[in-house]
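The file coords-v9.txt contains compact mmCIF, C-alpha atoms:
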```txt
# COMPACT_ATOMS: atom_id res chain seq x y z
CA MET J 1 -31.03 -4.44 -42.84
CA ARG J 2 -29.72 -1.48 -40.84
CA ILE J 3 -27.73 -2.67 -37.84
CA VAL J 4 -25.95 -0.90 -34.99
CA MET J 5 -23.17 -2.76 -33.13
CA LEU J 6 -22.85 -1.78 -29.47
CA GLY J 7 -20.22 -2.75 -26.93
CA PRO J 8 -17.07 -1.43 -25.26
CA PRO J 9 -13.70 -1.22 -27.05
CA GLY J 10 -12.44 -4.75 -27.73
CA ALA J 11 -15.86 -6.41 -27.43
CA GLY J 12 -15.65 -7.78 -30.97
CA LYS J 13 -18.01 -5.42 -32.78
CA GLY J 14 -15.76 -5.15 -35.81
CA THR J 15 -15.21 -8.92 -36.00
CA VAL J 16 -18.95 -9.66 -35.96
CA ALA J 17 -19.61 -6.91 -38.51
CA GLN J 18 -17.00 -8.27 -40.90
CA LYS J 19 -18.58 -11.73 -40.80
CA LEU J 20 -22.00 -10.25 -41.59
CA ILE J 21 -20.83 -8.32 -44.64
CA ASP J 22 -20.55 -11.29 -47.00
CA ASP J 23 -23.92 -12.77 -46.04
CA HIS J 24 -25.94 -9.58 -46.24
CA ARG J 25 -24.04 -7.63 -48.92
CA ILE J 26 -24.09 -4.43 -46.92
CA PRO J 27 -21.08 -2.35 -45.85
CA GLN J 28 -19.61 -1.96 -42.40
CA VAL J 29 -19.40 1.70 -41.45
CA SER J 30 -16.84 2.01 -38.69
CA THR J 31 -16.43 5.41 -37.10
CA GLY J 32 -13.03 4.28 -35.90
CA ASP J 33 -11.94 3.71 -39.49
CA LEU J 34 -13.53 6.97 -40.64
CA LEU J 35 -11.77 8.93 -37.91
CA ARG J 36 -8.39 7.24 -38.42
CA ALA J 37 -8.62 7.87 -42.17
CA ALA J 38 -9.37 11.53 -41.52
CA VAL J 39 -6.40 11.72 -39.14
CA GLU J 40 -4.05 10.05 -41.63
CA GLU J 41 -5.25 12.30 -44.46
CA GLY J 42 -4.64 15.32 -42.26
CA THR J 43 -8.03 16.87 -42.85
CA GLU J 44 -9.28 19.64 -40.60
CA LEU J 45 -11.73 17.23 -38.97
CA GLY J 46 -8.96 14.66 -38.61
CA ARG J 47 -6.61 17.05 -36.83
CA GLU J 48 -9.34 18.10 -34.43
CA ALA J 49 -10.38 14.49 -33.75
CA LYS J 50 -6.79 13.38 -33.06
CA ARG J 51 -6.57 15.48 -29.90
CA PHE J 52 -9.46 13.57 -28.35
CA MET J 53 -8.42 10.13 -29.64
CA ASP J 54 -4.90 10.49 -28.23
CA ALA J 55 -6.38 11.28 -24.81
CA GLY J 56 -8.71 8.26 -24.91
CA GLU J 57 -11.78 10.50 -25.00
CA LEU J 58 -14.86 10.39 -27.21
CA VAL J 59 -14.62 12.59 -30.29
CA PRO J 60 -17.27 15.38 -30.18
CA ASP J 61 -20.63 14.66 -31.78
CA ASP J 62 -20.42 17.25 -34.54
CA ILE J 63 -17.23 15.75 -35.97
CA VAL J 64 -18.45 12.15 -35.92
CA ILE J 65 -21.91 13.00 -37.23
CA GLU J 66 -20.52 14.87 -40.21
CA LEU J 67 -18.31 11.91 -41.16
CA VAL J 68 -21.08 9.32 -40.70
CA ARG J 69 -23.78 11.30 -42.50
CA ALA J 70 -21.52 11.63 -45.56
CA ARG J 71 -20.68 7.92 -45.50
CA LEU J 72 -24.31 6.75 -45.25
CA ALA J 73 -25.20 8.95 -48.22
CA GLN J 74 -22.98 6.83 -50.49
CA ASP J 75 -24.63 4.39 -52.90
CA ASP J 76 -23.41 1.19 -51.25
CA CYS J 77 -25.42 2.01 -48.10
CA ALA J 78 -28.74 2.23 -49.94
CA ARG J 79 -29.69 -1.40 -49.11
CA GLY J 80 -28.51 -1.16 -45.51
CA PHE J 81 -25.39 -0.93 -43.38
CA ILE J 82 -23.67 -2.07 -40.21
CA LEU J 83 -22.76 0.84 -37.94
CA ASP J 84 -19.74 0.00 -35.79
CA GLY J 85 -18.83 2.55 -33.11
CA PHE J 86 -21.68 4.96 -33.75
CA PRO J 87 -23.86 6.19 -32.18
CA ARG J 88 -22.04 6.33 -28.87
CA THR J 89 -24.45 8.51 -26.92
CA PRO J 90 -28.25 8.90 -26.74
CA ALA J 91 -27.84 12.37 -28.26
CA GLN J 92 -26.09 10.85 -31.28
CA ALA J 93 -28.80 8.18 -31.51
CA ASP J 94 -31.42 10.93 -31.77
CA VAL J 95 -29.50 12.45 -34.68
CA VAL J 96 -29.17 9.07 -36.43
CA ALA J 97 -32.92 8.52 -36.13
CA ALA J 98 -33.45 11.74 -38.08
CA PHE J 99 -31.62 10.48 -41.20
CA ALA J 100 -31.46 6.66 -40.92
CA ARG J 101 -33.86 3.96 -39.72
CA ILE J 102 -32.27 1.33 -37.45
CA ASP J 103 -33.72 -2.21 -37.59
CA LEU J 104 -31.56 -4.00 -35.00
CA VAL J 105 -29.03 -3.16 -32.27
CA ILE J 106 -26.63 -5.92 -31.21
CA ASN J 107 -25.02 -5.25 -27.83
CA LEU J 108 -21.91 -7.31 -26.93
CA ASP J 109 -21.27 -7.65 -23.20
CA VAL J 110 -17.68 -8.54 -22.18
CA PRO J 111 -15.92 -8.23 -18.75
CA ASP J 112 -13.33 -5.44 -18.48
CA GLU J 113 -10.43 -7.80 -17.72
CA VAL J 114 -11.12 -9.69 -20.96
CA LEU J 115 -11.36 -6.44 -22.93
CA ILE J 116 -7.99 -5.19 -21.65
CA GLU J 117 -6.31 -8.50 -22.51
CA ARG J 118 -7.81 -8.48 -26.01
CA LEU J 119 -6.88 -4.89 -26.78
CA GLU J 120 -3.29 -5.21 -25.59
CA ALA J 121 -2.84 -8.19 -27.90
CA ARG J 122 -4.54 -6.57 -30.90
CA ARG J 123 -2.51 -5.69 -33.99
CA THR J 124 -3.68 -3.83 -37.10
CA CYS J 125 -2.36 -3.90 -40.66
CA ARG J 126 -1.10 -0.50 -41.81
CA SER J 127 -2.11 -1.24 -45.41
CA CYS J 128 -5.51 -3.00 -45.44
CA ARG J 129 -6.51 -2.47 -41.76
CA ALA J 130 -7.06 -6.19 -41.14
CA ILE J 131 -7.14 -6.96 -37.41
CA TYR J 132 -5.27 -9.73 -35.60
CA ASN J 133 -4.92 -10.87 -32.01
CA LEU J 134 -1.54 -12.24 -30.96
CA LYS J 135 -3.19 -14.80 -28.67
CA ASN J 136 -6.38 -15.84 -30.48
CA ILE J 137 -5.93 -14.85 -34.15
CA PRO J 138 -2.17 -14.51 -34.74
CA PRO J 139 -0.73 -13.82 -38.22
CA LYS J 140 0.99 -16.67 -40.04
CA VAL J 141 4.18 -14.61 -40.26
CA GLU J 142 5.07 -12.53 -37.20
CA GLY J 143 4.50 -8.83 -37.80
CA ARG J 144 3.00 -9.31 -41.29
CA CYS J 145 -0.58 -9.34 -42.55
CA ASP J 146 -1.84 -12.63 -44.00
CA ARG J 147 -3.93 -10.79 -46.61
CA CYS J 148 -1.55 -8.24 -48.07
CA GLY J 149 1.81 -8.67 -46.34
CA GLY J 150 1.56 -5.24 -44.76
CA GLU J 151 3.19 -4.30 -41.48
CA LEU J 152 1.23 -5.05 -38.31
CA TYR J 153 1.36 -2.48 -35.53
CA GLN J 154 -0.18 -1.74 -32.15
CA ARG J 155 -2.45 1.29 -32.26
CA GLY J 156 -1.75 3.96 -29.68
CA ASP J 157 -5.21 3.52 -28.17
CA ASP J 158 -4.59 -0.21 -27.62
CA ARG J 159 -2.09 0.41 -24.81
CA ARG J 160 -3.17 -0.13 -21.21
CA GLU J 161 -2.65 3.49 -20.17
CA VAL J 162 -5.21 4.53 -22.80
CA ILE J 163 -7.49 1.45 -22.63
CA VAL J 164 -8.53 2.04 -19.01
CA PRO J 165 -9.79 5.62 -19.55
CA ARG J 166 -11.46 4.49 -22.80
CA LEU J 167 -13.46 1.89 -20.87
CA GLU J 168 -14.33 4.41 -18.17
CA THR J 169 -15.53 6.84 -20.84
CA TYR J 170 -17.61 4.10 -22.44
CA ARG J 171 -19.31 3.12 -19.19
CA ARG J 172 -20.11 6.72 -18.38
CA GLN J 173 -21.30 8.03 -21.75
CA THR J 174 -22.19 5.10 -24.01
CA LEU J 175 -23.81 2.48 -21.79
CA PRO J 176 -27.04 4.58 -21.55
CA LEU J 177 -27.62 3.54 -25.19
CA VAL J 178 -28.54 0.10 -23.89
CA GLU J 179 -31.55 1.61 -22.12
CA TYR J 180 -32.27 3.88 -25.10
CA TYR J 181 -32.49 1.06 -27.65
CA SER J 182 -34.07 -1.36 -25.20
CA ALA J 183 -36.93 1.11 -24.81
CA ALA J 184 -37.23 1.18 -28.61
CA GLY J 185 -37.61 -2.61 -28.64
CA ILE J 186 -34.74 -3.28 -31.07
CA LEU J 187 -31.90 -4.21 -28.67
CA LYS J 188 -30.43 -7.71 -28.35
CA THR J 189 -27.65 -8.25 -25.76
CA LEU J 190 -25.25 -11.18 -26.24
CA ASP J 191 -22.28 -12.57 -24.31
CA GLY J 192 -19.33 -11.37 -26.39
CA ASP J 193 -17.00 -13.84 -24.67
CA MET J 194 -18.83 -17.01 -25.79
CA GLY J 195 -16.59 -17.75 -28.80
CA ILE J 196 -16.99 -16.39 -32.31
CA GLU J 197 -18.65 -19.45 -33.91
CA ARG J 198 -21.36 -19.69 -31.26
CA LEU J 199 -21.75 -15.91 -31.22
CA MET J 200 -22.33 -15.79 -34.97
CA ARG J 201 -24.96 -18.50 -34.76
CA GLU J 202 -26.80 -16.38 -32.19
CA VAL J 203 -26.47 -13.25 -34.33
CA ASP J 204 -27.66 -14.99 -37.50
CA GLY J 205 -30.69 -16.33 -35.67
CA ILE J 206 -31.61 -12.88 -34.38
CA ILE J 207 -31.27 -11.30 -37.83
CA ALA J 208 -33.43 -14.01 -39.39
CA SER J 209 -36.10 -13.37 -36.78
CA VAL J 210 -36.06 -9.61 -37.40
CA GLU J 211 -36.23 -10.06 -41.18
CA ALA J 212 -39.18 -12.42 -40.81
CA SER J 213 -41.14 -10.06 -38.58
```

Can the structure in the file be given as structure tokens, please?
Amino acid sequence: MRIVMLGPPGAGKGTVAQKLIDDHRIPQVSTGDLLRAAVEEGTELGREAKRFMDAGELVPDDIVIELVRARLAQDDCARGFILDGFPRTPAQADVVAAFARIDLVINLDVPDEVLIERLEARRTCRSCRAIYNLKNIPPKVEGRCDRCGGELYQRGDDRREVIVPRLETYRRQTLPLVEYYSAAGILKTLDGDMGIERLMREVDGIIASVEAS
């Protein structure tokens, strides 16, 4: 099963993807993680991407495509994958179609005010990259990851002054993907604010239907 997760920053794409990994035995491929790893490693692509990320802008297609193409070529993606954060534009979707078949696109719709609240409360583990929310999914020990004990921090792009332009960029450049994948007949839009248990029941039902078709 080859799945694309769509939705604005903070919609819960990564959370849904993580819950699907165990059931379907396919990896989550997050462009956010790929880009942050490249930045932390100080690669040439990482340094170039950092300028755009710090400004709350989309990283140019050529950088993202090169990272994603290399990741999908790895052995663990042979049976399928969950793309989180890519493609972000119809132009990128055209490129993906040239080297990977997409079976299902799950689009999470969440109001902006909810997204801002979620992102401001989000914390990420520096060691294992586990994600927490101080209001809804707080760590057991303040400032420490439940899984590995690593330090939790607020990413620079989870601050309000960056969140707002990120959402504006999404609405302007990424939302057209809804029409793109709707026309392809593989888009399913869900209310991303319905609660994770109910949301996962909806997602599992959709996947079962696609697999049976």

- [ ] One decimal, Å: what's the distance from CA of Arg160 (chain J) over to CA of Thr189 (chain J), could you say?
- [x] 26.2 Å

- [ ] Using all atoms listed in the file, determine which residues lie at most 9 Å from Val114 (chain J), disregarding the query and same-chain residues fewer than 5 positions distant; provide the list as a list in words.
- [x]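 My list of contacting residues is Gly10, Ala11, Leu119 and Asp193 of chain J.
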
Pull the closest atom pair for each residue of region 85-165 of chain J that gets at most 10 Å from region 36-53 of chain J, along with the distance in Å to one decimal, counting all atoms listed in the file, ordering rows by chain and then ascending residue number, as a tab-separated table.
```
residue	atom	partner	partner_atom	distance
J:Gly156	CA	J:Met53	CA	9.1
J:Asp157	CA	J:Met53	CA	7.5
J:Val162	CA	J:Met53	CA	9.4
```

Convert the current residue selection to file output with C-alpha atoms, as a short mmCIF file (atom, residue, chain, number, x, y, z; two decimals), keeping the file's coordinate frame.
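Listed below is the output, result-v1.cif:
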```
data_model
loop_
_atom_site.label_atom_id
_atom_site.label_comp_id
_atom_site.auth_asym_id
_atom_site.auth_seq_id
_atom_site.Cartn_x
_atom_site.Cartn_y
_atom_site.Cartn_z
CA GLY J 156 -1.75 3.96 -29.68
CA ASP J 157 -5.21 3.52 -28.17
CA VAL J 162 -5.21 4.53 -22.80
#
```

TODO: Select all residues near (-26.6, -9.8, -29.6) (cut-off 12 Å, inclusive, file coordinates), counting only C-alpha atoms, and output them as a PyMOL selection string.
DONE: chain J and resi 3-7+11-13+16-17+104-110+178+186-194+196+198-207

- [ ] Quote the spacing between CA of Val96 (chain J) and CA of Arg172 (chain J) in Å to one decimal place.
- [x]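 Atom-to-atom, CA of Val96 (chain J) and CA of Arg172 (chain J) are spaced 20.3 Å apart.
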
Open item on the list: Using all atoms listed in the file for the distances, tell me which of J:Gly32, J:Gly149, J:Gly195, J:Gly143 is nearest to Pro87 (chain J).
Closed with: J:Gly32

- [ ] Find the distance between CA of Asp94 (chain J) and CA of Arg171 (chain J) and write it in Å to one decimal.
- [x] 19.1 Å

Give me, as an mmCIF file with C-alpha atoms, in the frame of the given file, all polymer residues having an atom no more than 9 Å from Gln173 (chain J), counting all atoms listed in the file and skipping those fewer than 3 positions away in the same chain.
```cif
data_model
loop_
_atom_site.group_PDB
_atom_site.id
_atom_site.type_symbol
_atom_site.label_atom_id
_atom_site.label_comp_id
_atom_site.auth_asym_id
_atom_site.auth_seq_id
_atom_site.Cartn_x
_atom_site.Cartn_y
_atom_site.Cartn_z
ATOM 1 C CA LEU J 58 -14.860 10.390 -27.210
ATOM 2 C CA ARG J 88 -22.040 6.330 -28.870
ATOM 3 C CA THR J 89 -24.450 8.510 -26.920
ATOM 4 C CA PRO J 90 -28.250 8.900 -26.740
ATOM 5 C CA GLU J 168 -14.330 4.410 -18.170
ATOM 6 C CA THR J 169 -15.530 6.840 -20.840
ATOM 7 C CA TYR J 170 -17.610 4.100 -22.440
ATOM 8 C CA PRO J 176 -27.040 4.580 -21.550
ATOM 9 C CA LEU J 177 -27.620 3.540 -25.190
#
```

Task: Which residue of J:Pro138, J:Gly85, J:Pro8, J:Gly150 approaches Ser30 (chain J) most closely, using all atoms listed in the file - done: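 Once distances to Ser30 (chain J) are computed over all atoms listed in the file, the minimum belongs to J:Gly85.
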